[in-house]
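Shown next: input09.cif, given as mmCIF, C-alpha atoms (C1' of nucleotides).
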data_data
#
loop_
_atom_site.label_atom_id
_atom_site.label_comp_id
_atom_site.auth_asym_id
_atom_site.auth_seq_id
_atom_site.Cartn_x
_atom_site.Cartn_y
_atom_site.Cartn_z
CA MET A 1 18.03 -15.21 9.33
CA THR A 2 18.07 -12.39 11.77
CA GLY A 3 15.27 -12.88 14.25
CA LYS A 4 15.08 -16.68 14.34
CA GLY A 5 13.14 -17.97 17.28
CA ASN A 6 12.23 -14.61 18.74
CA PRO A 7 8.52 -13.82 18.26
CA THR A 8 8.72 -10.62 20.26
CA SER A 9 11.25 -9.01 18.00
CA LEU A 10 9.35 -10.24 14.99
CA TYR A 11 6.34 -8.40 16.34
CA ALA A 12 8.32 -5.21 16.89
CA ARG A 13 9.70 -5.42 13.37
CA GLY A 14 6.21 -5.88 12.09
CA GLU A 15 5.22 -2.52 13.49
CA SER A 16 8.19 -0.83 11.86
CA LEU A 17 7.50 -2.48 8.55
CA GLN A 18 3.90 -1.47 8.65
CA ARG A 19 4.71 2.13 9.43
CA ALA A 20 7.06 2.18 6.46
CA THR A 21 4.71 0.48 4.04
CA ALA A 22 1.81 2.63 5.17
CA ILE A 23 3.67 5.32 3.24
CA LEU A 24 5.23 3.46 0.33
CA GLY A 25 2.10 1.45 -0.26
CA LYS A 26 -0.12 4.35 -1.19
CA LYS A 27 -0.80 4.24 -4.86
CA TRP A 28 1.00 7.42 -5.88
CA HIS A 29 3.49 8.06 -3.10
CA PRO A 30 6.49 6.16 -4.41
CA LEU A 31 6.11 7.73 -7.81
CA LEU A 32 5.79 11.22 -6.35
CA LEU A 33 8.91 10.66 -4.29
CA TYR A 34 10.70 9.27 -7.30
CA THR A 35 9.72 12.28 -9.35
CA LEU A 36 11.17 14.58 -6.73
CA LEU A 37 14.28 12.45 -6.52
CA THR A 38 14.98 12.42 -10.23
CA GLU A 39 13.59 15.78 -11.33
CA GLY A 40 14.41 17.80 -8.23
CA PRO A 41 12.23 20.34 -6.39
CA GLN A 42 9.23 21.46 -8.36
CA GLY A 43 5.74 22.95 -8.29
CA PHE A 44 2.29 21.47 -8.16
CA ASN A 45 1.63 21.54 -11.87
CA ASP A 46 5.10 20.28 -12.70
CA MET A 47 4.37 17.20 -10.68
CA LYS A 48 0.92 16.87 -12.11
CA SER A 49 2.17 16.87 -15.67
CA ARG A 50 4.93 14.39 -14.90
CA VAL A 51 2.79 11.94 -13.03
CA ASP A 52 0.51 10.55 -15.64
CA GLY A 53 -3.15 10.16 -14.73
CA ILE A 54 -3.22 11.78 -11.31
CA SER A 55 -6.02 14.23 -10.53
CA ASP A 56 -5.71 17.54 -8.69
CA LYS A 57 -7.44 16.25 -5.64
CA VAL A 58 -5.47 13.06 -5.38
CA LEU A 59 -2.18 14.90 -5.90
CA SER A 60 -3.16 17.45 -3.28
CA ASP A 61 -4.12 14.76 -0.77
CA ALA A 62 -0.97 12.77 -1.46
CA LEU A 63 1.34 15.76 -1.03
CA GLU A 64 -0.34 16.62 2.24
CA ASP A 65 0.12 13.08 3.42
CA LEU A 66 3.78 13.14 2.48
CA GLN A 67 4.27 16.37 4.37
CA ASP A 68 2.61 14.92 7.45
CA ALA A 69 4.90 11.93 7.19
CA GLY A 70 7.90 14.26 7.09
CA LEU A 71 9.13 13.21 3.66
CA VAL A 72 8.31 16.32 1.71
CA VAL A 73 8.42 20.02 2.45
CA ARG A 74 6.23 22.58 0.85
CA ASP A 75 7.28 26.16 0.66
CA VAL A 76 5.34 29.04 -0.65
CA VAL A 77 7.09 31.75 -2.62
CA GLU A 78 5.01 34.90 -2.29
CA ASP A 79 5.01 36.10 -5.85
CA LYS A 80 2.16 36.95 -8.12
CA PRO A 81 0.91 34.47 -8.91
CA VAL A 82 1.94 32.47 -5.87
CA ARG A 83 4.53 29.74 -6.46
CA VAL A 84 4.70 26.66 -4.33
CA ASN A 85 7.71 24.44 -4.23
CA TYR A 86 7.84 20.83 -3.17
CA SER A 87 11.08 19.16 -2.19
CA LEU A 88 12.35 16.19 -0.24
CA THR A 89 13.49 16.13 3.37
CA ALA A 90 16.45 14.01 4.42
CA ALA A 91 14.03 11.22 5.28
CA GLY A 92 12.60 11.42 1.79
CA GLU A 93 16.01 11.35 0.16
CA ASP A 94 17.02 8.35 2.19
CA LEU A 95 14.32 6.38 0.42
CA GLU A 96 16.25 6.56 -2.83
CA PRO A 97 18.08 3.22 -2.51
CA ILE A 98 14.86 1.52 -1.51
CA ILE A 99 12.95 2.90 -4.44
CA GLU A 100 15.77 1.97 -6.80
CA GLY A 101 15.76 -1.51 -5.32
CA LEU A 102 12.04 -1.78 -5.85
CA LEU A 103 12.44 -0.71 -9.45
CA GLU A 104 15.16 -3.22 -10.08
CA TRP A 105 13.23 -6.00 -8.39
CA SER A 106 10.18 -5.13 -10.43
CA HIS A 107 12.11 -5.34 -13.69
CA GLU A 108 13.67 -8.62 -12.75
CA HIS A 109 10.61 -10.38 -11.46
CA LEU A 110 7.58 -8.67 -12.91
CA GLY A 111 9.03 -7.90 -16.32
CA GLU A 112 9.74 -4.66 -18.18
CA ASP A 113 6.22 -4.11 -19.38
CA GLY A 114 2.88 -4.79 -17.81
CA MET B 1 19.64 11.72 -11.37
CA THR B 2 18.81 8.99 -13.77
CA GLY B 3 15.86 10.07 -15.84
CA LYS B 4 16.35 13.84 -15.87
CA GLY B 5 14.39 15.56 -18.55
CA ASN B 6 12.78 12.41 -19.90
CA PRO B 7 9.09 12.22 -19.05
CA THR B 8 8.57 9.03 -21.03
CA SER B 9 11.04 7.02 -19.02
CA LEU B 10 9.68 8.51 -15.84
CA TYR B 11 6.29 7.23 -16.87
CA ALA B 12 7.63 3.76 -17.60
CA ARG B 13 9.33 3.67 -14.23
CA GLY B 14 6.09 4.73 -12.64
CA GLU B 15 4.43 1.60 -13.93
CA SER B 16 7.17 -0.60 -12.56
CA LEU B 17 7.06 1.12 -9.22
CA GLN B 18 3.34 0.75 -9.01
CA ARG B 19 3.44 -2.94 -9.82
CA ALA B 20 5.97 -3.43 -7.05
CA THR B 21 4.16 -1.37 -4.46
CA ALA B 22 0.84 -2.97 -5.33
CA ILE B 23 2.34 -5.94 -3.52
CA LEU B 24 4.41 -4.37 -0.76
CA GLY B 25 1.70 -1.87 0.02
CA LYS B 26 -0.87 -4.38 1.15
CA LYS B 27 -1.17 -4.14 4.87
CA TRP B 28 0.13 -7.60 5.79
CA HIS B 29 2.21 -8.66 2.82
CA PRO B 30 5.59 -7.31 3.82
CA LEU B 31 5.23 -8.79 7.28
CA LEU B 32 4.19 -12.18 5.91
CA LEU B 33 7.17 -12.18 3.59
CA TYR B 34 9.44 -11.12 6.41
CA THR B 35 8.12 -13.92 8.58
CA LEU B 36 8.91 -16.44 5.87
CA LEU B 37 12.33 -14.88 5.38
CA THR B 38 13.32 -15.00 9.01
CA GLU B 39 11.46 -18.06 10.27
CA GLY B 40 11.62 -20.18 7.16
CA PRO B 41 8.88 -22.28 5.52
CA GLN B 42 5.91 -22.86 7.76
CA GLY B 43 2.21 -23.71 7.99
CA PHE B 44 -0.92 -21.62 8.13
CA ASN B 45 -1.28 -21.60 11.88
CA ASP B 46 2.41 -20.98 12.42
CA MET B 47 2.09 -17.81 10.42
CA LYS B 48 -1.10 -16.88 12.11
CA SER B 49 0.41 -17.11 15.56
CA ARG B 50 3.49 -15.16 14.54
CA VAL B 51 1.68 -12.36 12.82
CA ASP B 52 -0.08 -10.57 15.59
CA GLY B 53 -3.66 -9.52 14.98
CA ILE B 54 -4.32 -11.11 11.63
CA SER B 55 -7.57 -13.01 11.12
CA ASP B 56 -8.01 -16.31 9.29
CA LYS B 57 -9.73 -14.74 6.38
CA VAL B 58 -7.24 -11.96 5.93
CA LEU B 59 -4.31 -14.36 6.17
CA SER B 60 -5.95 -16.70 3.70
CA ASP B 61 -6.62 -13.89 1.23
CA ALA B 62 -3.12 -12.49 1.62
CA LEU B 63 -1.42 -15.84 1.05
CA GLU B 64 -3.49 -16.38 -2.05
CA ASP B 65 -2.51 -12.98 -3.32
CA LEU B 66 1.16 -13.68 -2.69
CA GLN B 67 0.90 -16.95 -4.58
CA ASP B 68 -0.73 -15.22 -7.52
CA ALA B 69 2.06 -12.68 -7.49
CA GLY B 70 4.61 -15.50 -7.62
CA LEU B 71 6.28 -14.69 -4.31
CA VAL B 72 5.09 -17.61 -2.27
CA VAL B 73 4.49 -21.28 -2.98
CA ARG B 74 1.99 -23.41 -1.16
CA ASP B 75 2.42 -27.12 -1.01
CA VAL B 76 0.12 -29.62 0.50
CA VAL B 77 1.52 -32.59 2.37
CA GLU B 78 -1.12 -35.30 2.27
CA ASP B 79 -1.05 -36.47 5.85
CA LYS B 80 -3.82 -36.81 8.35
CA PRO B 81 -4.52 -34.13 9.21
CA VAL B 82 -3.39 -32.37 6.06
CA ARG B 83 -0.31 -30.16 6.37
CA VAL B 84 0.21 -27.16 4.18
CA ASN B 85 3.54 -25.51 3.80
CA TYR B 86 4.23 -21.98 2.67
CA SER B 87 7.62 -20.91 1.43
CA LEU B 88 9.24 -18.22 -0.66
CA THR B 89 10.06 -18.34 -4.35
CA ALA B 90 13.25 -16.78 -5.67
CA ALA B 91 11.31 -13.60 -6.37
CA GLY B 92 10.15 -13.55 -2.77
CA GLU B 93 13.64 -14.09 -1.43
CA ASP B 94 14.99 -11.31 -3.59
CA LEU B 95 12.85 -8.90 -1.62
CA GLU B 96 14.98 -9.43 1.45
CA PRO B 97 17.36 -6.47 0.96
CA ILE B 98 14.41 -4.22 0.22
CA ILE B 99 12.53 -5.26 3.32
CA GLU B 100 15.68 -4.86 5.42
CA GLY B 101 16.16 -1.43 3.92
CA LEU B 102 12.62 -0.50 4.77
CA LEU B 103 13.11 -1.65 8.33
CA GLU B 104 16.29 0.31 8.71
CA TRP B 105 14.74 3.40 7.18
CA SER B 106 11.76 3.10 9.46
CA HIS B 107 13.97 2.93 12.54
CA GLU B 108 16.01 5.89 11.46
CA HIS B 109 13.22 8.16 10.40
CA LEU B 110 10.07 7.01 12.09
CA GLY B 111 11.63 5.98 15.38
CA GLU B 112 11.88 2.66 17.21
CA ASP B 113 8.43 2.82 18.69
CA GLY B 114 5.15 4.17 17.42
"C1'" DC C 1 -0.68 28.75 -10.82
"C1'" DA C 2 -2.28 26.02 -6.99
"C1'" DG C 3 -5.35 24.35 -5.20
"C1'" DT C 4 -10.77 23.09 -2.49
"C1'" DA C 5 -15.46 21.19 -2.30
"C1'" DT C 6 -18.64 17.53 -3.26
"C1'" DC C 7 -20.07 13.40 -4.19
"C1'" DC C 8 -19.21 8.66 -5.51
"C1'" DA C 9 -17.01 3.99 -6.64
"C1'" DA C 10 -13.87 0.57 -5.63
"C1'" DA C 11 -10.66 -1.78 -3.01
"C1'" DT C 12 -9.12 -3.56 1.60
"C1'" DA C 13 -9.59 -5.15 5.90
"C1'" DG C 14 -12.00 -7.12 9.84
"C1'" DA C 15 -15.64 -9.76 12.89
"C1'" DT C 16 -17.98 -13.77 13.37
"C1'" DA C 17 -19.47 -18.26 12.46
"C1'" DC C 18 -18.94 -22.56 10.24
"C1'" DT C 19 -16.42 -26.88 7.67
"C1'" DG C 20 -13.63 -31.15 6.12
"C1'" DC D 1 -4.92 -28.19 11.10
"C1'" DA D 2 -6.36 -25.25 7.41
"C1'" DG D 3 -9.23 -23.04 5.85
"C1'" DT D 4 -14.38 -20.81 3.56
"C1'" DA D 5 -18.73 -17.91 3.83
"C1'" DT D 6 -21.03 -13.74 5.05
"C1'" DC D 7 -21.58 -9.39 6.05
"C1'" DT D 8 -19.88 -4.87 7.38
"C1'" DA D 9 -16.67 -0.98 8.12
"C1'" DT D 10 -13.03 1.77 6.68
"C1'" DT D 11 -9.87 3.59 3.60
"C1'" DT D 12 -8.47 5.06 -0.95
"C1'" DG D 13 -8.93 6.81 -5.25
"C1'" DG D 14 -11.41 9.35 -8.80
"C1'" DA D 15 -14.74 12.67 -11.63
"C1'" DT D 16 -16.30 17.08 -11.89
"C1'" DA D 17 -16.83 21.75 -10.88
"C1'" DC D 18 -15.30 25.83 -8.68
"C1'" DT D 19 -11.85 29.56 -6.31
"C1'" DG D 20 -8.19 33.19 -5.04
#
Before we go any further, please render this structure as C-alpha coordinates.
Amino acid sequence: MTGKGNPTSLYARGESLQRATAILGKKWHPLLLYTLLTEGPQGFNDMKSRVDGISDKVLSDALEDLQDAGLVVRDVVEDKPVRVNYSLTAAGEDLEPIIEGLLEWSHEHLGEDG
Amino acid sequence: MTGKGNPTSLYARGESLQRATAILGKKWHPLLLYTLLTEGPQGFNDMKSRVDGISDKVLSDALEDLQDAGLVVRDVVEDKPVRVNYSLTAAGEDLEPIIEGLLEWSHEHLGEDG
DNA sequence: CAGTATCCAAATAGATACTG
DNA sequence: CAGTATCTATTTGGATACTG
(Lines of atoms letter the chains of each structure in order from A and count residues from 1; the text may use other names and numbers.)
(Lines give C-alpha, C1' and ligand atoms only; values in the text may rest on other atoms or scores of the structure.)
Protein backbone atom coordinates (compact mmCIF):
# COMPACT_ATOMS: atom_id res chain seq x y z
CA MET A 1 0.00 0.00 0.00
CA THR A 2 2.05 2.87 -1.20
CA GLY A 3 -0.13 5.95 -1.40
CA LYS A 4 -2.58 5.22 1.42
CA GLY A 5 -4.52 8.27 2.46
CA ASN A 6 -3.00 10.66 -0.02
CA PRO A 7 -5.48 11.60 -2.78
CA THR A 8 -3.12 14.10 -4.36
CA SER A 9 -0.44 11.57 -5.06
CA LEU A 10 -3.05 9.13 -6.28
CA TYR A 11 -4.11 11.76 -8.78
CA ALA A 12 -0.55 12.35 -9.93
CA ARG A 13 -0.03 8.63 -10.35
CA GLY A 14 -3.20 8.47 -12.34
CA GLU A 15 -1.75 10.84 -14.90
CA SER A 16 1.41 8.77 -15.21
CA LEU A 17 -0.56 5.58 -15.55
CA GLN A 18 -2.74 7.06 -18.21
CA ARG A 19 0.19 8.33 -20.22
CA ALA A 20 1.68 4.86 -20.12
CA THR A 21 -1.49 3.00 -20.99
CA ALA A 22 -2.30 5.46 -23.74
CA ILE A 23 0.55 3.70 -25.51
CA LEU A 24 0.28 0.11 -24.36
CA GLY A 25 -3.48 0.12 -24.72
CA LYS A 26 -3.55 0.64 -28.46
CA LYS A 27 -4.61 -2.55 -30.11
CA TRP A 28 -1.38 -3.34 -31.94
CA HIS A 29 1.30 -1.44 -30.06
CA PRO A 30 2.32 -4.04 -27.50
CA LEU A 31 2.56 -6.69 -30.17
CA LEU A 32 4.63 -4.46 -32.45
CA LEU A 33 6.98 -3.70 -29.59
CA TYR A 34 7.16 -7.36 -28.70
CA THR A 35 7.97 -8.25 -32.28
CA LEU A 36 10.84 -5.78 -32.27
CA LEU A 37 12.00 -7.08 -28.91
CA THR A 38 12.06 -10.72 -29.91
CA GLU A 39 12.89 -10.52 -33.61
CA GLY A 40 15.14 -7.48 -33.55
CA PRO A 41 15.22 -4.51 -35.95
CA GLN A 42 13.32 -5.10 -39.13
CA GLY A 43 11.51 -3.56 -42.10
CA PHE A 44 7.92 -2.67 -42.77
CA ASN A 45 6.99 -5.84 -44.57
CA ASP A 46 8.83 -8.02 -42.07
CA MET A 47 6.63 -6.62 -39.36
CA LYS A 48 3.56 -6.89 -41.49
CA SER A 49 4.09 -10.57 -42.16
CA ARG A 50 4.83 -11.31 -38.51
CA VAL A 51 1.89 -9.46 -37.09
CA ASP A 52 -1.07 -11.44 -38.23
CA GLY A 53 -4.05 -9.51 -39.54
CA ILE A 54 -2.69 -5.98 -39.54
CA SER A 55 -3.29 -3.80 -42.60
CA ASP A 56 -0.80 -1.46 -44.25
CA LYS A 57 -2.56 1.61 -43.05
CA VAL A 58 -2.93 0.49 -39.49
CA LEU A 59 0.70 -0.63 -39.32
CA SER A 60 1.82 2.66 -40.79
CA ASP A 61 -0.27 4.67 -38.32
CA ALA A 62 0.89 2.57 -35.40
CA LEU A 63 4.58 2.90 -36.27
CA GLU A 64 4.20 6.64 -36.60
CA ASP A 65 2.54 6.77 -33.22
CA LEU A 66 5.33 4.74 -31.67
CA GLN A 67 7.92 7.05 -33.15
CA ASP A 68 6.11 10.09 -31.78
CA ALA A 69 6.05 8.43 -28.39
CA GLY A 70 9.80 7.90 -28.60
CA LEU A 71 9.69 4.12 -28.42
CA VAL A 72 10.71 3.29 -31.95
CA VAL A 73 13.16 4.77 -34.43
CA ARG A 74 12.80 4.60 -38.14
CA ASP A 75 15.78 4.89 -40.36
CA VAL A 76 15.87 4.97 -44.07
CA VAL A 77 18.64 3.20 -45.93
CA GLU A 78 18.98 4.89 -49.31
CA ASP A 79 19.27 1.89 -51.55
CA LYS A 80 17.28 0.92 -54.56
CA PRO A 81 14.69 0.03 -53.64
CA VAL A 82 14.65 2.04 -50.44
CA ARG A 83 14.94 0.04 -47.21
CA VAL A 84 13.46 1.25 -43.98
CA ASN A 85 14.47 -0.14 -40.66
CA TYR A 86 12.49 -0.02 -37.45
CA SER A 87 14.13 -0.55 -34.09
CA LEU A 88 13.55 0.17 -30.43
CA THR A 89 14.85 3.10 -28.43
CA ALA A 90 16.00 2.62 -24.84
CA ALA A 91 12.51 3.57 -23.70
CA GLY A 92 11.09 0.87 -25.92
CA GLU A 93 13.50 -1.74 -24.66
CA ASP A 94 12.71 -0.88 -21.08
CA LEU A 95 9.18 -2.09 -21.69
CA GLU A 96 10.39 -5.66 -22.02
CA PRO A 97 9.82 -6.71 -18.39
CA ILE A 98 6.39 -5.14 -18.43
CA ILE A 99 5.37 -6.90 -21.61
CA GLU A 100 6.72 -10.19 -20.27
CA GLY A 101 4.77 -9.62 -17.09
CA LEU A 102 1.63 -8.96 -19.07
CA LEU A 103 2.15 -12.16 -21.01
CA GLU A 104 2.67 -14.18 -17.89
CA TRP A 105 -0.33 -12.64 -16.18
CA SER A 106 -2.44 -13.33 -19.23
CA HIS A 107 -1.46 -16.99 -19.26
CA GLU A 108 -2.13 -17.38 -15.59
CA HIS A 109 -5.44 -15.60 -15.41
CA LEU A 110 -6.94 -15.57 -18.86
CA GLY A 111 -5.76 -18.99 -19.95
CA GLU A 112 -3.46 -20.20 -22.73
CA ASP A 113 -6.02 -20.04 -25.47
CA GLY A 114 -8.86 -17.68 -26.15
CA MET B 1 15.14 -13.44 -27.33
CA THR B 2 12.52 -15.99 -26.59
CA GLY B 3 10.62 -16.69 -29.76
CA LYS B 4 13.29 -16.02 -32.37
CA GLY B 5 12.48 -17.47 -35.72
CA ASN B 6 9.13 -18.90 -34.69
CA PRO B 7 6.24 -16.96 -36.21
CA THR B 8 3.64 -19.34 -34.81
CA SER B 9 4.59 -18.75 -31.21
CA LEU B 10 4.83 -15.04 -31.87
CA TYR B 11 1.27 -15.19 -33.10
CA ALA B 12 0.11 -17.08 -30.02
CA ARG B 13 1.80 -14.55 -27.78
CA GLY B 14 0.11 -11.80 -29.72
CA GLU B 15 -3.26 -13.16 -28.71
CA SER B 16 -2.29 -13.29 -25.07
CA LEU B 17 -0.91 -9.79 -25.18
CA GLN B 18 -4.02 -8.48 -26.81
CA ARG B 19 -6.29 -10.09 -24.26
CA ALA B 20 -4.27 -8.48 -21.50
CA THR B 21 -4.11 -5.05 -23.06
CA ALA B 22 -7.79 -5.14 -23.94
CA ILE B 23 -8.21 -4.63 -20.21
CA LEU B 24 -5.28 -2.41 -19.26
CA GLY B 25 -5.78 -0.25 -22.32
CA LYS B 26 -9.18 1.05 -21.36
CA LYS B 27 -8.80 4.62 -20.30
CA TRP B 28 -9.79 4.26 -16.65
CA HIS B 29 -9.18 0.61 -15.84
CA PRO B 30 -5.59 0.75 -14.69
CA LEU B 31 -6.35 3.71 -12.46
CA LEU B 32 -9.39 2.02 -10.96
CA LEU B 33 -7.35 -1.07 -10.24
CA TYR B 34 -4.59 1.02 -8.77
CA THR B 35 -7.06 2.81 -6.54
CA LEU B 36 -8.32 -0.51 -5.22
CA LEU B 37 -4.75 -1.71 -4.77
CA THR B 38 -3.59 1.28 -2.79
CA GLU B 39 -6.76 2.35 -0.99
CA GLY B 40 -8.32 -1.05 -0.46
CA PRO B 41 -11.95 -2.14 -0.94
CA GLN B 42 -14.35 0.74 -1.25
CA GLY B 43 -17.73 1.96 -2.49
CA PHE B 44 -18.89 3.57 -5.69
CA ASN B 45 -18.69 7.14 -4.49
CA ASP B 46 -15.35 6.58 -2.79
CA MET B 47 -13.92 5.57 -6.11
CA LYS B 48 -15.63 8.36 -7.89
CA SER B 49 -14.17 10.99 -5.62
CA ARG B 50 -10.69 9.50 -5.84
CA VAL B 51 -10.61 9.14 -9.57
CA ASP B 52 -10.55 12.66 -10.83
CA GLY B 53 -12.78 13.49 -13.76
CA ILE B 54 -14.69 10.27 -14.17
CA SER B 55 -18.45 10.42 -14.65
CA ASP B 56 -21.04 8.13 -13.06
CA LYS B 57 -21.79 6.37 -16.26
CA VAL B 58 -18.20 5.78 -17.21
CA LEU B 59 -17.35 4.51 -13.74
CA SER B 60 -20.36 2.24 -13.76
CA ASP B 61 -19.47 0.83 -17.18
CA ALA B 62 -15.83 0.37 -16.22
CA LEU B 63 -16.62 -1.47 -13.00
CA GLU B 64 -18.96 -3.76 -14.84
CA ASP B 65 -16.27 -4.48 -17.38
CA LEU B 66 -13.75 -5.24 -14.65
CA GLN B 67 -16.19 -7.64 -13.02
CA ASP B 68 -16.77 -9.42 -16.30
CA ALA B 69 -13.03 -9.72 -16.74
CA GLY B 70 -12.78 -11.30 -13.29
CA LEU B 71 -10.56 -8.62 -11.77
CA VAL B 72 -13.02 -7.02 -9.42
CA VAL B 73 -15.83 -8.31 -7.23
CA ARG B 74 -18.86 -6.31 -6.26
CA ASP B 75 -20.76 -7.15 -3.16
CA VAL B 76 -23.90 -5.59 -1.93
CA VAL B 77 -24.39 -4.99 1.77
CA GLU B 78 -28.13 -4.85 2.39
CA ASP B 79 -28.34 -1.85 4.65
CA LYS B 80 -30.40 1.27 4.38
CA PRO B 81 -29.21 2.89 2.29
CA VAL B 82 -27.64 0.03 0.38
CA ARG B 83 -23.85 -0.18 0.45
CA VAL B 84 -21.88 -1.68 -2.36
CA ASN B 85 -18.31 -2.73 -1.99
CA TYR B 86 -15.75 -3.19 -4.72
CA SER B 87 -12.60 -5.18 -4.18
CA LEU B 88 -9.95 -7.02 -6.14
CA THR B 89 -9.85 -10.70 -7.00
CA ALA B 90 -6.56 -12.59 -6.98
CA ALA B 91 -6.23 -11.89 -10.68
CA GLY B 92 -6.66 -8.19 -9.99
CA GLU B 93 -4.09 -8.21 -7.22
CA ASP B 94 -1.60 -9.99 -9.42
CA LEU B 95 -1.56 -6.95 -11.65
CA GLU B 96 0.16 -4.94 -8.96
CA PRO B 97 3.77 -5.49 -10.12
CA ILE B 98 2.75 -4.70 -13.68
CA ILE B 99 1.03 -1.48 -12.73
CA GLU B 100 3.99 -0.48 -10.56
CA GLY B 101 6.28 -1.24 -13.47
CA LEU B 102 4.19 0.90 -15.75
CA LEU B 103 4.31 3.75 -13.28
CA GLU B 104 8.04 3.52 -12.94
CA TRP B 105 8.53 3.31 -16.68
CA SER B 106 6.30 6.30 -17.18
CA HIS B 107 8.30 8.38 -14.72
CA GLU B 108 11.57 7.40 -16.28
CA HIS B 109 10.65 7.84 -19.89
CA LEU B 110 7.69 10.15 -20.07
CA GLY B 111 8.69 12.43 -17.22
CA GLU B 112 7.09 13.28 -13.88
CA ASP B 113 4.67 15.79 -15.29
CA GLY B 114 2.77 15.99 -18.53
C1' DC C 1 9.71 -2.50 -50.87
C1' DA C 2 7.27 0.91 -48.22
C1' DG C 3 4.08 3.18 -47.91
C1' DT C 4 -0.59 7.13 -48.84
C1' DA C 5 -5.40 8.39 -49.82
C1' DT C 6 -10.24 7.70 -49.10
C1' DC C 7 -14.00 6.38 -47.08
C1' DC C 8 -16.38 3.81 -43.52
C1' DA C 9 -17.66 1.00 -39.23
C1' DA C 10 -17.17 0.14 -34.58
C1' DA C 11 -15.76 0.98 -30.10
C1' DT C 12 -15.07 4.31 -26.21
C1' DA C 13 -15.88 8.06 -23.64
C1' DG C 14 -18.48 12.01 -21.96
C1' DA C 15 -22.56 15.38 -20.75
C1' DT C 16 -26.78 15.68 -18.77
C1' DA C 17 -30.80 14.31 -16.50
C1' DC C 18 -33.29 11.12 -13.79
C1' DT C 19 -34.28 6.96 -10.14
C1' DG C 20 -34.90 3.67 -5.99
C1' DC D 1 -25.66 6.10 -1.73
C1' DA D 2 -25.44 3.84 -6.11
C1' DG D 3 -26.54 3.84 -9.89
C1' DT D 4 -29.48 3.91 -15.19
C1' DA D 5 -31.08 6.22 -19.61
C1' DT D 6 -30.18 9.03 -23.55
C1' DC D 7 -27.83 11.11 -26.76
C1' DT D 8 -23.57 12.80 -28.78
C1' DA D 9 -18.59 13.33 -29.75
C1' DT D 10 -14.24 11.45 -30.43
C1' DT D 11 -11.05 8.02 -31.28
C1' DT D 12 -9.62 3.72 -33.36
C1' DG D 13 -9.44 0.31 -36.54
C1' DG D 14 -10.28 -1.58 -41.12
C1' DA D 15 -11.19 -2.35 -46.47
C1' DT D 16 -9.75 -1.08 -50.75
C1' DA D 17 -7.19 1.07 -54.19
C1' DC D 18 -3.23 3.53 -55.65
C1' DT D 19 2.04 5.43 -55.75
C1' DG D 20 7.28 6.24 -56.07
Dump as a PDB file with C-alpha atoms (C1' of nucleotides), in the frame of the given file the residues of chain D that approach chain A to within 10 Å, counting all atoms listed in the file.
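Written output follows (out_34.pdb):
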ATOM      1  C1'  DT D  12      -8.470   5.060  -0.950  1.00  0.00           C
ATOM      2  C1'  DG D  13      -8.930   6.810  -5.250  1.00  0.00           C
ATOM      3  C1'  DG D  14     -11.410   9.350  -8.800  1.00  0.00           C
ATOM      4  C1'  DA D  15     -14.740  12.670 -11.630  1.00  0.00           C
ATOM      5  C1'  DG D  20      -8.190  33.190  -5.040  1.00  0.00           C
TER       6       DG D  20
END
Test item: residues at most 12 Å from Tyr34 of chain A, all atoms listed in the file, excluding those fewer than 5 positions along its chain, as a PyMOL selection string:
(chain A and resi 24+28-29+39-41+47+50-51+71-72+87-88+92-100+102-103) or (chain B and resi 1-4+9-11+13-18)
Q.
What's the separation between atom C1' of DC8 of chain C and atom C1' of DC18 of chain D, in Å to one decimal place?
A.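 Separation of atom C1' of DC8 of chain C and atom C1' of DC18 of chain D: 17.9 Å.
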As a list in words, could you give me every residue of chain C near chain B (at most 10 Å apart, counting all atoms listed in the file)?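 On the chain C side, the interface is DT12, DA13, DG14 and DA15 of chain C.
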### Task
Go ahead and compute the interatomic distance for atom CA of Gly111 of chain A and atom CA of Leu63 of chain A, in Å to one decimal.
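Computing the Euclidean distance for atom CA of Gly111 of chain A and atom CA of Leu63 of chain A yields 29.2 Å.
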At what distance in Å, to one decimal, does atom CA of Gly25 of chain A lie from atom CA of Val76 of chain A?
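Computing the Euclidean distance for atom CA of Val76 of chain A and atom CA of Gly25 of chain A yields 27.8 Å.
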Apply the PyMOL selection byres ((chain C and resi 3-6) around 9) to the displayed file and report the matching residues as a short mmCIF file (atom, residue, chain, number, x, y, z; two decimals) with C-alpha atoms (C1' of nucleotides), keeping the file's coordinate frame.
data_model
loop_
_atom_site.label_atom_id
_atom_site.label_comp_id
_atom_site.auth_asym_id
_atom_site.auth_seq_id
_atom_site.Cartn_x
_atom_site.Cartn_y
_atom_site.Cartn_z
CA PHE A 44 2.29 21.47 -8.16
CA ASP A 56 -5.71 17.54 -8.69
CA LYS A 57 -7.44 16.25 -5.64
CA SER A 60 -3.16 17.45 -3.28
"C1'" DC C 1 -0.68 28.75 -10.82
"C1'" DA C 2 -2.28 26.02 -6.99
"C1'" DC C 7 -20.07 13.40 -4.19
"C1'" DT D 16 -16.30 17.08 -11.89
"C1'" DA D 17 -16.83 21.75 -10.88
"C1'" DC D 18 -15.30 25.83 -8.68
"C1'" DT D 19 -11.85 29.56 -6.31
#
The residue from B:Ala22, B:Leu33, B:Ala62, B:Val77 with the smallest atom-to-atom distance to chain A, counting all atoms listed in the file, is B:Ala22
Draw an axis-aligned box tight on the listed atoms of segment 2-18 of chain D, then pad every side by 6 Å and write out centre and edge lengths in Å to one decimal as AutoDock Vina command-line options.
--center_x -14.0 --center_y 0.3 --center_z -1.9 --size_x 27.2 --size_y 63.1 --size_z 32.0
